[in-house]
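*Asks:* Okay, here's the structure, questions in a sec.
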Amino acid sequence: MTLLGCIADDLTGATDLALNLVRNGMKTVQVSGVPEGEVDLDRADAVVVALKSRTIPARAAVEQSLNALDFLLAAGAEQIFFKYCSTFDSTDQGNIGPVLEALQEKLRSDVAIACPAFPEAGRSLFQGHLFVNGRLLSESSLRNHPLTPMRDPDLVRVLQSQSAGSVGIVPWETVRKGHVAISEAIDAARNEGRNLLIVDAIVDDDLRAIGQAVAGHKLISGGSGIAIGLPENFRRAGKLNPYDPVAGFDYPAGKGAVLAGSCSEATRQQIQTAIDAGFPAFQLDPFKLAKGNAEVQHACDWLSETINQAPLPPLVYSTASPDEVRDFQIEYGRDRAGEIVEEAQKVLARHLFGIGVRRFIVAGGETSGAVVDALGVPMLEIGPEIAPGVPWTRSIGGDETIALALKSGNFGDADFFSKAWGMSI
Ligand code: ADP
């Protein structure tokens, strides 16, 4: 039976979470959306449902999340984990608060923690303020995100603005004292009428203590970092069998390609490093994409020509600077601008599959969602780690096996694309 049921608001976040669970000894299966009909979850200890609900209207995000909840409860999940980005990516209208409160109501959970901290990936939380690689969230590059610009680092205030209930905090002075003190602080906050609690965490030991403190909670929420403290609860209760994730992970034969739609600083640097290393590259012009099919057709033709010529996989990217992104968004609106580019990435993914590509390296959370959707991948098995938060994965349950490295925009070192490709050959 499934022990832990997870609902992730985007695809790369789901994969990142699944990797953390696998690394801590839980056999984990990831499904794209709520599966229709019967699925064989292969006796997974944890199931992660990857949604694409981060930036859709709050009401739709709530509906999708409640569907995922029903599926996970039917699979036997004892505890539900709502996973969002470690940089708390959301808009002023939601969706973290509305989804959390809807899950709370259905699960009759009176208090749920919210802890996006992920120290290994440079995200820490102190006095409710989120830091990204040592900078306040609002002073990091996330302030220029194309879809969810984060300009307020005070997560109590951010979450409160999205929630109907009352948001409190468990500060680091309490967290550092360990799981008993954290449990007591959660009880005290519950008695004060708080229903959501931002919990500080600076190092992995904080996450483990928080994990232990929430062992009996029906609902918890956070980034994937908090997942490192959860498997131990099930192991302590004698419910978890030993599990080795990397044994036997094979890469399918076939060609490779890189698709990038993230405009994050990290991805921009990774693209430059890949070009310098000799990856053949094609830059999509979003203004041309908006005007008809010619640009994407041009990219498809270029891929067909290049795929058999270069020793390194071809790279197609829409990635652009904050100024260029802003110009495009002013012309088409933020949501439509994203859609135009994602539609093109879907066409490219299908074309690549058609010309024999079976190993895809994808940069960007929304972009990865679009690619997986276009390829019709129903379930993913989690394999070896490429960078913190990013594993190679392999499709299961479809006709053909495809390997996918799905990278959240900000993750990975400058040589990420070479590293991922090198591991797969
Ligand atoms: P990240 O993981 O960095 O958040 P995402 O793929 O989730 O990356 O989000 C990037 C968004 O920006 C996507 O919706 C993508 O289609 C859009 N986008 C990509 N290139 C451009 C561009 N040149 N101009 C405007 N938007 C773009």
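We label chains A, B, ... in the order they appear in the structure tokens, count residues from 1 in each chain, and number ligands from 1 in the order shown.
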Determine which residues of region 269-425 of chain A DSSP labels as strand (DSSP E) from the backbone of this structure, then write them out as an NGL selection string.
*Replies:* :A and (281-283 or 315-317 or 357-363 or 379-387 or 390-396 or 403-407)
*Asks:* Taking only C-alpha atoms and all ligand atoms into account, which residues have an atom no farther than 8 Å from ligand 1? I'd like them as a PyMOL selection string.
*Replies:* chain A and resi 12+145-147+260-264+267+284-286+317-321+324-329+334-335+337-342+363-368+407-410
*Asks:* Hey, can you spit out that residue selection with C-alpha atoms as a PDB file, in the first residue's frame?
*Replies:*
ATOM      1  CA  THR A  12      10.092  19.249 -12.349  1.00  0.00           C
ATOM      2  CA  HIS A 145      10.324  35.202 -13.233  1.00  0.00           C
ATOM      3  CA  PRO A 146       8.173  35.335 -16.408  1.00  0.00           C
ATOM      4  CA  LEU A 147       5.065  33.840 -14.732  1.00  0.00           C
ATOM      5  CA  ALA A 260      15.046  24.847 -23.020  1.00  0.00           C
ATOM      6  CA  GLY A 261      12.189  27.208 -22.171  1.00  0.00           C
ATOM      7  CA  SER A 262      13.347  28.430 -18.791  1.00  0.00           C
ATOM      8  CA  CYS A 263      14.550  32.043 -18.731  1.00  0.00           C
ATOM      9  CA  SER A 264      16.288  31.662 -15.370  1.00  0.00           C
ATOM     10  CA  THR A 267      19.559  28.100 -17.580  1.00  0.00           C
ATOM     11  CA  LEU A 284      13.531  30.353 -31.175  1.00  0.00           C
ATOM     12  CA  ASP A 285      12.268  33.886 -31.730  1.00  0.00           C
ATOM     13  CA  PRO A 286       8.995  34.193 -29.743  1.00  0.00           C
ATOM     14  CA  TYR A 317      15.936  27.238 -26.765  1.00  0.00           C
ATOM     15  CA  SER A 318      13.489  30.098 -26.354  1.00  0.00           C
ATOM     16  CA  THR A 319      15.415  31.296 -23.315  1.00  0.00           C
ATOM     17  CA  ALA A 320      15.862  35.063 -23.309  1.00  0.00           C
ATOM     18  CA  SER A 321      16.929  37.931 -21.026  1.00  0.00           C
ATOM     19  CA  GLU A 324      13.368  40.430 -23.961  1.00  0.00           C
ATOM     20  CA  VAL A 325      10.823  38.424 -21.946  1.00  0.00           C
ATOM     21  CA  ARG A 326       9.199  41.658 -20.778  1.00  0.00           C
ATOM     22  CA  ASP A 327       8.946  43.040 -24.339  1.00  0.00           C
ATOM     23  CA  PHE A 328       7.247  39.852 -25.521  1.00  0.00           C
ATOM     24  CA  GLN A 329       4.868  39.836 -22.552  1.00  0.00           C
ATOM     25  CA  ARG A 334       2.015  37.040 -19.628  1.00  0.00           C
ATOM     26  CA  ASP A 335      -0.097  33.902 -19.955  1.00  0.00           C
ATOM     27  CA  ALA A 337       3.270  34.662 -24.112  1.00  0.00           C
ATOM     28  CA  GLY A 338       4.048  31.501 -22.115  1.00  0.00           C
ATOM     29  CA  GLU A 339       1.492  29.475 -24.078  1.00  0.00           C
ATOM     30  CA  ILE A 340       2.900  30.509 -27.447  1.00  0.00           C
ATOM     31  CA  VAL A 341       6.349  29.282 -26.494  1.00  0.00           C
ATOM     32  CA  GLU A 342       5.096  26.096 -24.796  1.00  0.00           C
ATOM     33  CA  ALA A 363      15.035  22.979 -18.916  1.00  0.00           C
ATOM     34  CA  GLY A 364      12.076  24.681 -17.233  1.00  0.00           C
ATOM     35  CA  GLY A 365       9.210  23.438 -15.077  1.00  0.00           C
ATOM     36  CA  GLU A 366       6.351  24.557 -17.303  1.00  0.00           C
ATOM     37  CA  THR A 367       8.393  23.625 -20.340  1.00  0.00           C
ATOM     38  CA  SER A 368       8.958  20.106 -18.996  1.00  0.00           C
ATOM     39  CA  LYS A 407      15.225  20.347 -14.851  1.00  0.00           C
ATOM     40  CA  SER A 408      13.583  23.139 -12.918  1.00  0.00           C
ATOM     41  CA  GLY A 409      14.955  26.395 -14.388  1.00  0.00           C
ATOM     42  CA  ASN A 410      17.237  27.395 -11.549  1.00  0.00           C
TER      43      ASN A 410
END
*Asks:* Looking at A:Val362, A:Leu69, A:Ala50, A:Ala117, which one is nearest to Gln104 (chain A), with distances taken over only C-alpha atoms?
*Replies:*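 Residue with the minimum atom-to-atom distance to Gln104 (chain A): A:Leu69.
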*Asks:* Residues within 7 Å of Ala349 (chain A), please, as a PDB file with N, CA and C atoms, in the first residue's frame. Count only C-alpha atoms; anything in the same chain fewer than 5 positions from it doesn't count.
*Replies:*
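Result went into selection_20.pdb, see below:
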ATOM      1  N   VAL A 371       6.434  19.296 -22.550  1.00  0.00           N
ATOM      2  CA  VAL A 371       7.117  18.228 -23.303  1.00  0.00           C
ATOM      3  C   VAL A 371       6.559  16.851 -22.918  1.00  0.00           C
ATOM      4  N   ALA A 374       3.222  16.451 -24.444  1.00  0.00           N
ATOM      5  CA  ALA A 374       3.295  16.208 -25.895  1.00  0.00           C
ATOM      6  C   ALA A 374       3.721  14.776 -26.193  1.00  0.00           C
ATOM      7  N   LEU A 375       4.590  14.225 -25.347  1.00  0.00           N
ATOM      8  CA  LEU A 375       5.084  12.860 -25.598  1.00  0.00           C
ATOM      9  C   LEU A 375       4.136  11.802 -25.037  1.00  0.00           C
TER      10      LEU A 375
END
*Asks:* Please produce, as a tab-separated table, a per-residue contact table for region 206-302 of chain A versus region 390-403 of chain A (criterion: any atom at most 12 Å away, only C-alpha atoms considered), showing the nearest atom pair and its distance in Å to one decimal, sorted by chain then residue number.
*Replies:*
residue	atom	partner	partner_atom	distance
A:Ser224	CA	A:Val390	CA	11.3
A:Pro245	CA	A:Pro391	CA	11.0
A:Val246	CA	A:Trp392	CA	10.2
A:Gly248	CA	A:Arg394	CA	11.6
A:Phe249	CA	A:Arg394	CA	8.2
A:Asp250	CA	A:Arg394	CA	8.5
A:Tyr251	CA	A:Ala403	CA	6.3
A:Pro252	CA	A:Thr401	CA	6.3
A:Ala253	CA	A:Ile402	CA	9.0
A:Gly254	CA	A:Ile402	CA	9.1
A:Lys255	CA	A:Ile402	CA	10.4
A:Gly256	CA	A:Ala403	CA	9.3
A:Ala257	CA	A:Ala403	CA	10.9
*Asks:* Can I get the selected residues back with all heavy atoms, as a PDB file, in the first residue's frame?
*Replies:*
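And here's part-v1.pdb as it stands now:
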ATOM      1  N   SER A 224      10.692  20.351  -1.881  1.00  0.00           N
ATOM      2  CA  SER A 224      11.042  18.932  -1.806  1.00  0.00           C
ATOM      3  C   SER A 224      12.001  18.664  -0.653  1.00  0.00           C
ATOM      4  O   SER A 224      12.163  17.531  -0.243  1.00  0.00           O
ATOM      5  CB  SER A 224      11.624  18.450  -3.121  1.00  0.00           C
ATOM      6  OG  SER A 224      12.817  19.115  -3.354  1.00  0.00           O
ATOM      7  N   PRO A 245      17.532   2.472  -5.512  1.00  0.00           N
ATOM      8  CA  PRO A 245      16.958   3.118  -6.694  1.00  0.00           C
ATOM      9  C   PRO A 245      17.765   2.976  -7.974  1.00  0.00           C
ATOM     10  O   PRO A 245      17.187   2.925  -9.066  1.00  0.00           O
ATOM     11  CB  PRO A 245      16.912   4.596  -6.293  1.00  0.00           C
ATOM     12  CG  PRO A 245      17.970   4.755  -5.270  1.00  0.00           C
ATOM     13  CD  PRO A 245      18.073   3.438  -4.564  1.00  0.00           C
ATOM     14  N   VAL A 246      19.093   2.938  -7.878  1.00  0.00           N
ATOM     15  CA  VAL A 246      19.900   3.091  -9.094  1.00  0.00           C
ATOM     16  C   VAL A 246      20.139   1.754  -9.792  1.00  0.00           C
ATOM     17  O   VAL A 246      20.335   1.702 -11.007  1.00  0.00           O
ATOM     18  CB  VAL A 246      21.229   3.813  -8.758  1.00  0.00           C
ATOM     19  CG1 VAL A 246      22.092   3.991 -10.002  1.00  0.00           C
ATOM     20  CG2 VAL A 246      20.918   5.180  -8.158  1.00  0.00           C
ATOM     21  N   GLY A 248      20.056  -1.156 -11.964  1.00  0.00           N
ATOM     22  CA  GLY A 248      19.272  -1.561 -13.126  1.00  0.00           C
ATOM     23  C   GLY A 248      18.604  -0.441 -13.901  1.00  0.00           C
ATOM     24  O   GLY A 248      17.688  -0.698 -14.670  1.00  0.00           O
ATOM     25  N   PHE A 249      19.029   0.813 -13.757  1.00  0.00           N
ATOM     26  CA  PHE A 249      18.434   1.889 -14.565  1.00  0.00           C
ATOM     27  C   PHE A 249      19.160   1.925 -15.913  1.00  0.00           C
ATOM     28  O   PHE A 249      20.328   2.295 -15.994  1.00  0.00           O
ATOM     29  CB  PHE A 249      18.567   3.241 -13.850  1.00  0.00           C
ATOM     30  CG  PHE A 249      17.809   4.359 -14.533  1.00  0.00           C
ATOM     31  CD1 PHE A 249      16.507   4.655 -14.176  1.00  0.00           C
ATOM     32  CD2 PHE A 249      18.399   5.095 -15.557  1.00  0.00           C
ATOM     33  CE1 PHE A 249      15.799   5.680 -14.814  1.00  0.00           C
ATOM     34  CE2 PHE A 249      17.706   6.119 -16.190  1.00  0.00           C
ATOM     35  CZ  PHE A 249      16.408   6.406 -15.816  1.00  0.00           C
ATOM     36  N   ASP A 250      18.493   1.526 -16.998  1.00  0.00           N
ATOM     37  CA  ASP A 250      19.097   1.534 -18.346  1.00  0.00           C
ATOM     38  C   ASP A 250      18.546   2.712 -19.130  1.00  0.00           C
ATOM     39  O   ASP A 250      17.377   3.057 -18.989  1.00  0.00           O
ATOM     40  CB  ASP A 250      18.714   0.275 -19.135  1.00  0.00           C
ATOM     41  CG  ASP A 250      19.210  -0.963 -18.450  1.00  0.00           C
ATOM     42  OD1 ASP A 250      20.328  -0.929 -17.926  1.00  0.00           O
ATOM     43  OD2 ASP A 250      18.442  -1.946 -18.433  1.00  0.00           O
ATOM     44  N   TYR A 251      19.391   3.269 -19.993  1.00  0.00           N
ATOM     45  CA  TYR A 251      18.929   4.341 -20.889  1.00  0.00           C
ATOM     46  C   TYR A 251      18.500   3.714 -22.200  1.00  0.00           C
ATOM     47  O   TYR A 251      19.202   2.832 -22.724  1.00  0.00           O
ATOM     48  CB  TYR A 251      20.057   5.352 -21.135  1.00  0.00           C
ATOM     49  CG  TYR A 251      20.473   6.044 -19.865  1.00  0.00           C
ATOM     50  CD1 TYR A 251      21.441   5.495 -19.032  1.00  0.00           C
ATOM     51  CD2 TYR A 251      19.863   7.230 -19.476  1.00  0.00           C
ATOM     52  CE1 TYR A 251      21.800   6.108 -17.841  1.00  0.00           C
ATOM     53  CE2 TYR A 251      20.219   7.860 -18.296  1.00  0.00           C
ATOM     54  CZ  TYR A 251      21.189   7.292 -17.481  1.00  0.00           C
ATOM     55  OH  TYR A 251      21.527   7.899 -16.301  1.00  0.00           O
ATOM     56  N   PRO A 252      17.372   4.138 -22.751  1.00  0.00           N
ATOM     57  CA  PRO A 252      16.948   3.567 -24.025  1.00  0.00           C
ATOM     58  C   PRO A 252      17.918   3.964 -25.134  1.00  0.00           C
ATOM     59  O   PRO A 252      18.507   5.044 -25.095  1.00  0.00           O
ATOM     60  CB  PRO A 252      15.578   4.213 -24.252  1.00  0.00           C
ATOM     61  CG  PRO A 252      15.552   5.433 -23.407  1.00  0.00           C
ATOM     62  CD  PRO A 252      16.458   5.177 -22.254  1.00  0.00           C
ATOM     63  N   ALA A 253      18.059   3.085 -26.135  1.00  0.00           N
ATOM     64  CA  ALA A 253      18.880   3.436 -27.303  1.00  0.00           C
ATOM     65  C   ALA A 253      18.152   4.552 -28.044  1.00  0.00           C
ATOM     66  O   ALA A 253      16.960   4.770 -27.845  1.00  0.00           O
ATOM     67  CB  ALA A 253      19.040   2.214 -28.187  1.00  0.00           C
ATOM     68  N   GLY A 254      18.854   5.250 -28.905  1.00  0.00           N
ATOM     69  CA  GLY A 254      18.213   6.338 -29.653  1.00  0.00           C
ATOM     70  C   GLY A 254      18.962   7.636 -29.456  1.00  0.00           C
ATOM     71  O   GLY A 254      19.920   7.695 -28.680  1.00  0.00           O
ATOM     72  N   LYS A 255      18.498   8.641 -30.164  1.00  0.00           N
ATOM     73  CA  LYS A 255      19.224   9.905 -30.155  1.00  0.00           C
ATOM     74  C   LYS A 255      18.809  10.771 -28.954  1.00  0.00           C
ATOM     75  O   LYS A 255      17.869  10.438 -28.242  1.00  0.00           O
ATOM     76  CB  LYS A 255      18.936  10.649 -31.453  1.00  0.00           C
ATOM     77  CG  LYS A 255      19.371   9.854 -32.677  1.00  0.00           C
ATOM     78  CD  LYS A 255      19.139  10.628 -33.932  1.00  0.00           C
ATOM     79  CE  LYS A 255      19.770   9.961 -35.130  1.00  0.00           C
ATOM     80  NZ  LYS A 255      19.445   8.547 -35.294  1.00  0.00           N
ATOM     81  N   GLY A 256      19.546  11.902 -28.809  1.00  0.00           N
ATOM     82  CA  GLY A 256      19.248  12.809 -27.713  1.00  0.00           C
ATOM     83  C   GLY A 256      19.008  14.219 -28.213  1.00  0.00           C
ATOM     84  O   GLY A 256      19.409  14.566 -29.331  1.00  0.00           O
ATOM     85  N   ALA A 257      18.339  15.026 -27.397  1.00  0.00           N
ATOM     86  CA  ALA A 257      18.127  16.436 -27.730  1.00  0.00           C
ATOM     87  C   ALA A 257      17.870  17.226 -26.458  1.00  0.00           C
ATOM     88  O   ALA A 257      17.460  16.657 -25.439  1.00  0.00           O
ATOM     89  CB  ALA A 257      16.947  16.598 -28.687  1.00  0.00           C
TER      90      ALA A 257
END
*Asks:* Compare A:Ser140, A:Thr91, A:Ser86, A:Ser65 by their minimum atom-to-atom distance to Lys106 (chain A), counting only C-alpha atoms, and give me the closest one.
*Replies:* A:Ser65
*Asks:* Residues of region 40-87 of chain A that approach region 92-95 of chain A to 7 Å or less, counting only C-alpha atoms: could you list each one with the shortest pair of atoms and its distance in Å to one decimal, rows by chain and increasing residue number, as CSV?
*Replies:*
residue,atom,partner,partner_atom,distance
A:Arg54,CA,A:Asn95,CA,6.4
A:Ala58,CA,A:Asn95,CA,5.2
A:Ala61,CA,A:Asn95,CA,6.8
*Asks:* Could you tell me how far CA of Thr28 (chain A) sits from CA of Ala44 (chain A), in Å to one decimal place?
*Replies:*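 Between CA of Ala44 (chain A) and CA of Thr28 (chain A) the gap is 5.3 Å.
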*Asks:* What's the 10 Å shell around Val158 (chain A), counting only C-alpha atoms, without same-chain residues fewer than 6 positions away, as a ChimeraX atom specification?
*Replies:* /A:88,90-92,94,96-97,150-152,167
*Asks:* Those selected residues, please, written with N, CA, C and O atoms and delivered as a PDB file, in the first residue's frame.
*Replies:*
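Output below, filename result-v9.pdb:
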ATOM      1  N   PHE A  88       8.643  29.265  -3.428  1.00  0.00           N
ATOM      2  CA  PHE A  88       7.255  29.622  -3.113  1.00  0.00           C
ATOM      3  C   PHE A  88       6.550  30.288  -4.298  1.00  0.00           C
ATOM      4  O   PHE A  88       5.674  31.139  -4.127  1.00  0.00           O
ATOM      5  N   SER A  90       4.251  31.641  -6.798  1.00  0.00           N
ATOM      6  CA  SER A  90       2.795  31.731  -6.830  1.00  0.00           C
ATOM      7  C   SER A  90       2.447  33.164  -7.229  1.00  0.00           C
ATOM      8  O   SER A  90       3.304  34.047  -7.201  1.00  0.00           O
ATOM      9  N   THR A  91       1.203  33.364  -7.590  1.00  0.00           N
ATOM     10  CA  THR A  91       0.786  34.715  -7.954  1.00  0.00           C
ATOM     11  C   THR A  91       0.000  35.320  -6.783  1.00  0.00           C
ATOM     12  O   THR A  91      -0.293  34.619  -5.801  1.00  0.00           O
ATOM     13  N   ASP A  92      -0.369  36.588  -6.894  1.00  0.00           N
ATOM     14  CA  ASP A  92      -1.117  37.217  -5.793  1.00  0.00           C
ATOM     15  C   ASP A  92      -2.457  36.526  -5.551  1.00  0.00           C
ATOM     16  O   ASP A  92      -2.993  36.544  -4.451  1.00  0.00           O
ATOM     17  N   GLY A  94      -3.008  33.299  -5.756  1.00  0.00           N
ATOM     18  CA  GLY A  94      -2.819  31.923  -5.277  1.00  0.00           C
ATOM     19  C   GLY A  94      -1.608  31.295  -5.948  1.00  0.00           C
ATOM     20  O   GLY A  94      -0.757  32.023  -6.389  1.00  0.00           O
ATOM     21  N   ILE A  96      -1.033  28.589  -3.737  1.00  0.00           N
ATOM     22  CA  ILE A  96      -0.627  27.752  -2.606  1.00  0.00           C
ATOM     23  C   ILE A  96      -1.690  27.798  -1.488  1.00  0.00           C
ATOM     24  O   ILE A  96      -2.131  26.753  -1.002  1.00  0.00           O
ATOM     25  N   GLY A  97      -2.106  28.999  -1.114  1.00  0.00           N
ATOM     26  CA  GLY A  97      -3.098  29.135  -0.035  1.00  0.00           C
ATOM     27  C   GLY A  97      -4.414  28.432  -0.357  1.00  0.00           C
ATOM     28  O   GLY A  97      -4.892  27.590   0.429  1.00  0.00           O
ATOM     29  N   MET A 150       8.529  36.950  -7.826  1.00  0.00           N
ATOM     30  CA  MET A 150       8.421  36.941  -6.360  1.00  0.00           C
ATOM     31  C   MET A 150       9.106  38.187  -5.806  1.00  0.00           C
ATOM     32  O   MET A 150      10.328  38.280  -5.786  1.00  0.00           O
ATOM     33  N   ARG A 151       8.299  39.128  -5.317  1.00  0.00           N
ATOM     34  CA  ARG A 151       8.862  40.420  -4.896  1.00  0.00           C
ATOM     35  C   ARG A 151       8.699  40.673  -3.408  1.00  0.00           C
ATOM     36  O   ARG A 151       9.031  41.745  -2.923  1.00  0.00           O
ATOM     37  N   ASP A 152       8.122  39.700  -2.668  1.00  0.00           N
ATOM     38  CA  ASP A 152       7.989  39.844  -1.220  1.00  0.00           C
ATOM     39  C   ASP A 152       8.634  38.622  -0.562  1.00  0.00           C
ATOM     40  O   ASP A 152       8.184  37.490  -0.778  1.00  0.00           O
ATOM     41  N   VAL A 167      -2.431  32.669   9.252  1.00  0.00           N
ATOM     42  CA  VAL A 167      -1.091  32.096   9.048  1.00  0.00           C
ATOM     43  C   VAL A 167      -0.185  32.486  10.210  1.00  0.00           C
ATOM     44  O   VAL A 167      -0.098  33.660  10.581  1.00  0.00           O
TER      45      VAL A 167
END
*Asks:* Looking at only C-alpha atoms, which of A:Phe287, A:Phe417, A:Phe282, A:Phe353 is the one that sits closest to Tyr332 (chain A)?
*Replies:* A:Phe287
*Asks:* Out of A:Pro116, A:Pro57, A:Gly216, A:Pro231, which residue has the shortest atom-to-atom distance to Asp200 (chain A) when counting only C-alpha atoms?
*Replies:* A:Pro116
*Asks:* One decimal, in Å: what's the spacing between CA of Leu404 (chain A) and CA of Leu21 (chain A)?
*Replies:*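 Separation of CA of Leu404 (chain A) and CA of Leu21 (chain A): 18.4 Å.
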*Asks:* Write out as number ranges by chain all residues of region 127-286 of chain A that DSSP puts in helix (DSSP H, G or I) for this structure's backbone.
*Replies:* A: 137-139, 141-144, 155-162, 172-175, 179-191, 204-213, 224-229, 231-236, 265-276, 286
*Asks:* Would you mind listing what lies within 10 Å of region 307-311 of chain A as a list of chain:residue names, with only C-alpha atoms counted and same-chain residues fewer than 5 positions away left out?
*Replies:*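 Everything that qualifies: A:Lys255, A:Gly256, A:Ala257, A:Gly278, A:Phe279, A:Pro280, A:Trp302, A:Leu352, A:Ile355, A:Gly356, A:Val357.
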*Asks:* For the residues selected in the previous step, produce a file with N, CA and C atoms as a PDB file, in the first residue's frame.
*Replies:*
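Result file part-v4.pdb:
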ATOM      1  N   LYS A 255      18.498   8.641 -30.164  1.00  0.00           N
ATOM      2  CA  LYS A 255      19.224   9.905 -30.155  1.00  0.00           C
ATOM      3  C   LYS A 255      18.809  10.771 -28.954  1.00  0.00           C
ATOM      4  N   GLY A 256      19.546  11.902 -28.809  1.00  0.00           N
ATOM      5  CA  GLY A 256      19.248  12.809 -27.713  1.00  0.00           C
ATOM      6  C   GLY A 256      19.008  14.219 -28.213  1.00  0.00           C
ATOM      7  N   ALA A 257      18.339  15.026 -27.397  1.00  0.00           N
ATOM      8  CA  ALA A 257      18.127  16.436 -27.730  1.00  0.00           C
ATOM      9  C   ALA A 257      17.870  17.226 -26.458  1.00  0.00           C
ATOM     10  N   GLY A 278      30.161  23.091 -27.826  1.00  0.00           N
ATOM     11  CA  GLY A 278      29.949  22.527 -29.164  1.00  0.00           C
ATOM     12  C   GLY A 278      28.578  21.950 -29.433  1.00  0.00           C
ATOM     13  N   PHE A 279      27.614  22.114 -28.505  1.00  0.00           N
ATOM     14  CA  PHE A 279      26.255  21.658 -28.798  1.00  0.00           C
ATOM     15  C   PHE A 279      25.714  22.524 -29.941  1.00  0.00           C
ATOM     16  N   PRO A 280      25.217  21.915 -31.038  1.00  0.00           N
ATOM     17  CA  PRO A 280      24.587  22.740 -32.069  1.00  0.00           C
ATOM     18  C   PRO A 280      23.304  23.360 -31.497  1.00  0.00           C
ATOM     19  N   TRP A 302      15.642  22.309 -39.123  1.00  0.00           N
ATOM     20  CA  TRP A 302      17.023  22.393 -38.618  1.00  0.00           C
ATOM     21  C   TRP A 302      17.363  21.141 -37.788  1.00  0.00           C
ATOM     22  N   LEU A 352      10.896  15.608 -32.533  1.00  0.00           N
ATOM     23  CA  LEU A 352      12.116  14.916 -32.104  1.00  0.00           C
ATOM     24  C   LEU A 352      11.850  13.424 -31.902  1.00  0.00           C
ATOM     25  N   ILE A 355      11.830  11.681 -35.184  1.00  0.00           N
ATOM     26  CA  ILE A 355      13.120  11.459 -35.865  1.00  0.00           C
ATOM     27  C   ILE A 355      14.078  10.637 -34.988  1.00  0.00           C
ATOM     28  N   GLY A 356      13.514   9.940 -34.007  1.00  0.00           N
ATOM     29  CA  GLY A 356      14.290   8.924 -33.294  1.00  0.00           C
ATOM     30  C   GLY A 356      14.886   9.344 -31.965  1.00  0.00           C
ATOM     31  N   VAL A 357      14.508  10.504 -31.452  1.00  0.00           N
ATOM     32  CA  VAL A 357      15.066  10.918 -30.154  1.00  0.00           C
ATOM     33  C   VAL A 357      14.345  10.171 -29.026  1.00  0.00           C
TER      34      VAL A 357
END
*Asks:* I need the residue nearest Ala414 (chain A) from this list: A:Gln345, A:Gln297, A:Gln269, A:Ser141. Use only C-alpha atoms for the distance.
*Replies:*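 Smallest separation from Ala414 (chain A) among the options: A:Gln269.
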*Asks:* Between CA of Glu173 (chain A) and CA of Asp205 (chain A), what is the distance in Å, rounded to a tenth?
*Replies:*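 Between CA of Glu173 (chain A) and CA of Asp205 (chain A) the gap is 13.6 Å.
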